[in-house]
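Reproduced below: upload-v8.tsv, with TSV, C-alpha atoms.
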```tsv
chain	number	residue	atom	x	y	z
R	1	MET	CA	55.80	-3.35	115.02
R	2	GLU	CA	56.03	-3.44	118.76
R	3	SER	CA	53.84	-6.14	120.26
R	4	HIS	CA	52.35	-3.79	122.85
R	5	HIS	CA	50.94	-1.74	119.98
R	6	SER	CA	48.99	-4.65	118.52
R	7	PRO	CA	45.54	-3.83	120.03
R	8	ALA	CA	45.67	-0.47	118.25
R	9	MET	CA	46.24	-2.25	114.96
R	10	ARG	CA	42.88	-4.03	114.98
R	11	ALA	CA	40.60	-3.16	112.09
R	12	ARG	CA	38.80	-0.04	113.29
R	13	SER	CA	36.80	1.14	110.28
R	14	PRO	CA	34.64	-0.34	107.52
R	15	GLN	CA	37.45	0.49	105.10
R	16	ASP	CA	39.69	-1.99	106.90
R	17	ALA	CA	37.06	-4.66	107.49
R	18	PHE	CA	39.01	-6.99	105.20
R	19	LEU	CA	41.68	-7.22	107.88
R	20	THR	CA	39.22	-8.91	110.21
R	21	ASP	CA	38.60	-11.65	107.64
R	22	ILE	CA	42.31	-12.15	107.01
R	23	ARG	CA	43.09	-12.39	110.72
R	24	ALA	CA	40.24	-14.77	111.50
R	25	SER	CA	40.98	-16.96	108.48
R	26	TYR	CA	44.65	-17.42	109.26
R	27	ASP	CA	43.92	-17.91	112.94
R	28	ALA	CA	41.64	-20.79	111.91
R	29	ILE	CA	44.08	-22.53	109.55
R	30	ALA	CA	47.42	-21.68	111.17
R	31	GLU	CA	48.44	-25.20	112.14
R	32	GLY	CA	47.37	-26.84	108.89
R	33	TYR	CA	49.02	-24.09	106.86
R	34	ALA	CA	52.28	-24.40	108.79
R	35	GLU	CA	52.35	-28.17	108.30
R	36	LEU	CA	51.62	-27.96	104.56
R	37	PHE	CA	54.37	-25.43	103.88
R	38	LYS	CA	56.90	-26.57	106.48
R	39	ALA	CA	59.48	-27.48	103.79
R	40	GLU	CA	59.44	-24.07	102.10
R	41	PRO	CA	61.33	-22.09	100.97
R	42	GLU	CA	64.02	-24.76	101.06
R	43	ALA	CA	61.94	-26.98	98.75
R	44	LYS	CA	61.65	-24.29	96.05
R	45	PRO	CA	65.11	-23.70	94.52
R	46	LEU	CA	64.26	-20.48	92.67
R	47	ALA	CA	62.51	-18.93	95.67
R	48	ARG	CA	65.50	-19.92	97.78
R	49	ALA	CA	67.85	-18.34	95.25
R	50	MET	CA	65.99	-15.03	95.31
R	51	LEU	CA	65.91	-14.94	99.10
R	52	SER	CA	69.62	-15.74	99.18
R	53	ALA	CA	70.31	-12.94	96.71
R	54	PHE	CA	68.28	-10.58	98.89
R	55	ALA	CA	70.27	-11.61	101.96
R	56	GLU	CA	73.57	-11.12	100.17
R	57	THR	CA	72.69	-7.68	98.83
R	58	VAL	CA	71.56	-6.51	102.26
R	59	ALA	CA	74.84	-7.78	103.73
R	60	ALA	CA	76.87	-6.17	100.94
R	61	ASP	CA	75.35	-2.80	101.82
R	62	GLY	CA	76.34	-3.13	105.46
R	63	GLY	CA	73.54	-5.25	106.88
R	64	GLY	CA	71.04	-3.86	109.31
R	65	PRO	CA	67.52	-4.70	110.48
R	66	VAL	CA	65.09	-6.47	108.16
R	67	VAL	CA	61.38	-7.12	108.69
R	68	GLU	CA	59.23	-9.72	106.98
R	69	PHE	CA	55.66	-8.43	106.87
R	70	GLY	CA	53.17	-11.28	106.68
R	71	SER	CA	55.60	-13.75	108.25
R	72	GLY	CA	52.96	-16.39	109.00
R	73	PRO	CA	54.45	-19.43	110.76
R	74	GLY	CA	57.93	-17.95	110.40
R	75	ARG	CA	59.56	-20.25	107.87
R	76	VAL	CA	60.89	-17.49	105.55
R	77	THR	CA	62.02	-15.35	108.48
R	78	ALA	CA	63.90	-18.35	109.88
R	79	TYR	CA	65.49	-19.08	106.50
R	80	LEU	CA	66.74	-15.52	106.19
R	81	HIS	CA	68.07	-15.71	109.75
R	82	SER	CA	70.00	-18.86	108.77
R	83	LEU	CA	71.67	-16.75	106.07
R	84	GLY	CA	72.89	-14.24	108.63
R	85	VAL	CA	70.13	-11.63	108.22
R	86	ASP	CA	69.12	-9.55	111.25
R	87	VAL	CA	65.44	-10.28	110.66
R	88	ARG	CA	62.18	-10.31	112.58
R	89	GLY	CA	58.64	-11.20	111.55
R	90	VAL	CA	55.34	-9.33	111.76
R	91	ASP	CA	51.98	-10.94	111.05
R	92	LEU	CA	48.32	-9.98	111.37
R	93	SER	CA	47.27	-13.32	112.87
R	94	PRO	CA	47.99	-13.74	116.59
R	95	VAL	CA	47.76	-17.52	116.23
R	96	MET	CA	50.39	-17.46	113.48
R	97	VAL	CA	52.59	-15.24	115.64
R	98	ALA	CA	52.25	-17.61	118.60
R	99	LEU	CA	53.08	-20.58	116.38
R	100	ALA	CA	56.14	-18.84	114.93
R	101	ARG	CA	57.38	-17.94	118.41
R	102	GLN	CA	56.94	-21.55	119.52
R	103	THR	CA	58.71	-22.96	116.47
R	104	TYR	CA	61.54	-20.42	116.37
R	105	PRO	CA	61.99	-19.19	119.97
R	106	GLN	CA	65.33	-17.58	119.08
R	107	LEU	CA	63.62	-15.12	116.72
R	108	ARG	CA	61.29	-12.19	117.26
R	109	PHE	CA	57.73	-12.20	115.94
R	110	ASP	CA	55.13	-9.50	116.60
R	111	GLU	CA	51.51	-8.99	115.72
R	112	GLY	CA	50.88	-6.14	113.29
R	113	SER	CA	49.44	-4.99	110.00
R	114	MET	CA	51.07	-3.72	106.82
R	115	THR	CA	48.35	-1.08	106.67
R	116	GLU	CA	49.46	0.53	109.96
R	117	LEU	CA	53.20	0.95	110.22
R	118	GLY	CA	53.42	3.90	112.57
R	119	GLY	CA	55.43	1.85	115.07
R	120	PHE	CA	58.48	1.96	112.82
R	121	ALA	CA	60.69	5.02	112.40
R	122	ASP	CA	61.33	6.46	108.96
R	123	GLY	CA	64.50	5.06	107.41
R	124	SER	CA	64.99	2.55	110.21
R	125	LEU	CA	65.15	-0.63	108.11
R	126	SER	CA	67.74	-2.01	105.72
R	127	GLY	CA	65.36	-4.52	104.16
R	128	ILE	CA	61.70	-5.51	103.91
R	129	VAL	CA	60.24	-8.82	102.76
R	130	GLY	CA	56.69	-9.29	101.53
R	131	TRP	CA	56.59	-12.99	100.65
R	132	TYR	CA	53.07	-13.69	99.41
R	133	SER	CA	51.60	-11.06	101.72
R	134	LEU	CA	50.59	-8.21	99.40
R	135	ILE	CA	48.26	-10.70	97.73
R	136	HIS	CA	45.63	-10.27	100.44
R	137	LEU	CA	45.40	-6.50	100.09
R	138	PRO	CA	42.68	-4.87	97.99
R	139	PRO	CA	44.48	-3.56	94.88
R	140	ALA	CA	43.66	0.04	95.82
R	141	ARG	CA	45.62	-0.35	99.07
R	142	VAL	CA	48.86	-1.67	97.54
R	143	PRO	CA	50.33	1.72	96.49
R	144	ALA	CA	50.01	3.12	100.03
R	145	VAL	CA	51.68	0.04	101.53
R	146	LEU	CA	54.56	0.26	99.05
R	147	ALA	CA	54.91	3.96	99.88
R	148	ASP	CA	55.14	3.04	103.57
R	149	PHE	CA	57.77	0.41	102.79
R	150	HIS	CA	59.74	3.09	100.97
R	151	ARG	CA	59.42	5.41	103.97
R	152	LEU	CA	60.67	2.77	106.43
R	153	LEU	CA	63.74	1.86	104.39
R	154	GLY	CA	66.94	3.81	104.60
R	155	PRO	CA	68.63	5.07	101.40
R	156	GLY	CA	69.39	2.11	99.16
R	157	GLY	CA	67.28	-0.23	101.31
R	158	HIS	CA	66.15	-3.51	99.79
R	159	LEU	CA	62.71	-5.01	99.17
R	160	ALA	CA	61.84	-8.62	98.25
R	161	LEU	CA	58.35	-9.54	97.02
R	162	ALA	CA	56.72	-12.80	95.96
R	163	PHE	CA	53.26	-13.25	94.48
R	164	GLN	CA	51.15	-15.37	92.13
R	165	VAL	CA	50.99	-14.21	88.52
R	166	GLY	CA	47.62	-13.35	87.05
R	167	SER	CA	44.96	-10.67	86.75
R	168	ASP	CA	42.13	-12.14	88.78
R	169	ILE	CA	41.08	-12.59	92.38
R	170	SER	CA	40.89	-16.12	93.76
R	171	ARG	CA	38.38	-16.30	96.60
R	172	HIS	CA	38.68	-19.09	99.16
R	173	THR	CA	35.89	-19.98	101.57
R	174	GLU	CA	37.28	-23.25	102.94
R	175	ALA	CA	40.74	-24.61	103.71
R	176	PHE	CA	42.03	-27.42	105.92
R	177	GLY	CA	38.44	-28.23	106.82
R	178	ARG	CA	37.78	-24.76	108.22
R	179	SER	CA	35.55	-21.97	106.93
R	180	ILE	CA	37.54	-18.93	105.84
R	181	ALA	CA	37.12	-15.71	103.85
R	182	LEU	CA	40.34	-15.01	101.96
R	183	ASP	CA	40.90	-13.22	98.67
R	184	PHE	CA	44.12	-13.92	96.78
R	185	GLN	CA	44.91	-11.09	94.37
R	186	ARG	CA	47.02	-12.35	91.52
R	187	MET	CA	49.20	-9.68	89.94
R	188	GLN	CA	51.15	-9.07	86.77
R	189	PRO	CA	54.89	-8.46	87.26
R	190	ASP	CA	54.78	-5.42	84.96
R	191	THR	CA	52.01	-3.91	87.08
R	192	VAL	CA	53.89	-4.48	90.34
R	193	GLU	CA	57.10	-3.13	88.84
R	194	ALA	CA	55.26	0.03	87.75
R	195	LEU	CA	53.79	0.45	91.25
R	196	LEU	CA	57.25	0.04	92.75
R	197	GLY	CA	58.60	2.72	90.43
R	198	GLU	CA	55.84	5.10	91.46
R	199	ALA	CA	56.69	4.42	95.11
R	200	GLY	CA	60.35	5.32	94.61
R	201	PHE	CA	61.93	1.89	94.00
R	202	GLU	CA	64.00	0.52	91.17
R	203	VAL	CA	63.60	-3.16	90.39
R	204	ARG	CA	66.99	-4.88	90.35
R	205	ALA	CA	65.90	-8.44	89.55
R	206	ARG	CA	62.74	-10.14	88.35
R	207	LEU	CA	62.11	-13.86	88.10
R	208	VAL	CA	58.94	-15.54	86.87
R	209	ARG	CA	58.75	-19.32	87.01
R	210	GLU	CA	56.12	-21.72	85.74
R	211	ALA	CA	53.68	-23.31	88.16
R	212	GLU	CA	54.70	-26.43	90.03
R	213	PRO	CA	52.31	-29.43	89.90
R	214	ASP	CA	50.68	-28.30	93.15
R	215	GLU	CA	50.24	-24.69	91.97
R	216	LYS	CA	47.61	-23.09	89.74
R	217	THR	CA	49.59	-20.14	88.38
R	218	PRO	CA	53.15	-19.03	87.64
R	219	GLN	CA	54.99	-17.38	90.51
R	220	ALA	CA	56.90	-14.10	90.49
R	221	TYR	CA	59.77	-12.79	92.61
R	222	LEU	CA	60.99	-9.19	92.55
R	223	LEU	CA	64.02	-7.64	94.22
R	224	ALA	CA	63.96	-3.86	94.40
R	225	ARG	CA	66.03	-1.10	95.92
R	226	LYS	CA	64.97	2.26	97.28
R	227	ARG	CA	66.29	5.04	95.10
R	228	GLY	CA	68.76	7.45	96.63
R	229	ARG	CA	71.50	5.05	97.64
R	230	VAL	CA	74.33	6.67	99.55
```
Give the structure from this file in structure tokens form.
Amino acid sequence: MESHHSPAMRARSPQDAFLTDIRASYDAIAEGYAELFKAEPEAKPLARAMLSAFAETVAADGGGPVVEFGSGPGRVTAYLHSLGVDVRGVDLSPVMVALARQTYPQLRFDEGSMTELGGFADGSLSGIVGWYSLIHLPPARVPAVLADFHRLLGPGGHLALAFQVGSDISRHTEAFGRSIALDFQRMQPDTVEALLGEAGFEVRARLVREAEPDEKTPQAYLLARKRGRV
């Protein structure tokens, strides 16, 4: 998403009021969040393995531009870049974007929303990453976002997703000593895989690992490919 489009991507209707809460919450906790997760994904071997597999499959199909939507402080974007991926980050929080730009000045980060992707041309991307970013969407909005991801990817384009496993919504009102309003939608891998199929993807790999000591739920990673590979 081009940075000069970002004012148009502000929440503009009651339907998208949740975006205002997400933006304000991550603006408030950006520095604490970045410090807490500064060692990831390198510190999580299975997450690292799935991201590496994603990078290799994109390269094997000729490479091309990749976007991480919900890039936060930029750690996953930077890791993919270290693997040779032509990647940029997009995040809803301007404070997160500023922090990512400061930390990784060699990379591109723009402000934008997964719910408004008109700034990207159809079929223009080789890969998309949603690493713990779909979890903040109301469940009813996920199919439309996946359909947009499908539209942005070229034939055979790749998608990598990560999310917490479960069937409930975890609501957070405080983090790092700041008041926030964030909902974390836990999802079942079977449900996400079915949604991906409806959106025109085929899941190529699925990994579910048990929770680490600092986590409350198992974690899931999915690698999918847009149908219609040429």
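With atom CA of R:Pro94 on one side and atom CA of R:Ala199 on the other, the separation reads 29.4 Å.
Interatomic distance, atom CA of R:Leu182 to atom CA of R:Pro41: 22.2 Å.
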Stretch 13-93 of chain R residues near stretch 206-211 of chain R within 10 Å, closest pair each, using only C-alpha atoms, as a tab-separated table:
```
residue	atom	partner	partner_atom	distance
R:Leu46	CA	R:Arg209	CA	8.0
R:Ala47	CA	R:Leu207	CA	9.1
R:Met50	CA	R:Leu207	CA	8.3
```
At a cut-off of 8 Å, using all atoms listed in the file, what residues contact R:Pro73? Leave out same-chain residues fewer than 5 positions from it and give the result as JSON, numbers by chain.
{"R": [30, 34, 96, 97, 99, 100, 103]}
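Taking only C-alpha atoms into account, R:Val95 lies nearest to R:Ile22 out of the set R:Ala49, R:Val58, R:Met114, R:Ile22.
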Quick one: residues within 8 Å of R:Val203, only C-alpha atoms counted, chain neighbours fewer than 6 positions away excluded, as a PDB file with C-alpha atoms, in the coordinates of the input?
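See out23.pdb below for the written result:
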```pdb
ATOM      1  CA  GLU R 193      57.100  -3.130  88.840  1.00  0.00           C
ATOM      2  CA  LEU R 196      57.250   0.040  92.750  1.00  0.00           C
ATOM      3  CA  GLY R 197      58.600   2.720  90.430  1.00  0.00           C
ATOM      4  CA  LEU R 222      60.990  -9.190  92.550  1.00  0.00           C
ATOM      5  CA  LEU R 223      64.020  -7.640  94.220  1.00  0.00           C
ATOM      6  CA  ALA R 224      63.960  -3.860  94.400  1.00  0.00           C
ATOM      7  CA  ARG R 225      66.030  -1.100  95.920  1.00  0.00           C
TER       8      ARG R 225
END
```
What is the distance, in Å and to one decimal place, between atom CA of R:Asp110 and atom CA of R:Val90?
4.8 Å
Among listed residues R:Glu116, R:Glu40, R:Glu202, R:Glu215, nearest R:Gln164 (using all atoms listed in the file)
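Ranked by minimum distance to R:Gln164, first place goes to R:Glu215.
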Shortest interatomic distance to R:Gly74 - which of R:Trp131, R:Phe54, R:Tyr221, R:Phe18, counting all atoms listed in the file:
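Between R:Trp131, R:Phe54, R:Tyr221, R:Phe18, the residue approaching R:Gly74 most closely is R:Trp131.
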Distance query R:Ala78 at most 9 Å, only C-alpha atoms, self and fewer than 6 positions along chain excluded, as a ChimeraX atom specification:
/R:87-88,104,107
Of the candidates R:Ala17, R:Pro105, R:Ser126, R:Tyr132, which one gets nearest to R:Gly72 if we count only C-alpha atoms?
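Checking each candidate against R:Gly72, we get R:Tyr132 as the closest.
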For R:Lys44, which residue among R:Ile135, R:Leu19, R:Ala28, R:Val76 is the nearest when counting all atoms listed in the file?
R:Val76
Considering all atoms listed in the file, return as a ChimeraX atom specification whatever protein or nucleic-acid residues lie within 7 Å of R:Leu125, sequence-local ones (same chain, fewer than 6 positions apart) excluded.
/R:64-66,152-154
Minimum-distance residue to R:Lys216, chosen among R:Gly166, R:Leu117, R:Gly157, R:Val85 (using all atoms listed in the file):
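Closest to R:Lys216, using all atoms listed in the file: R:Gly166.
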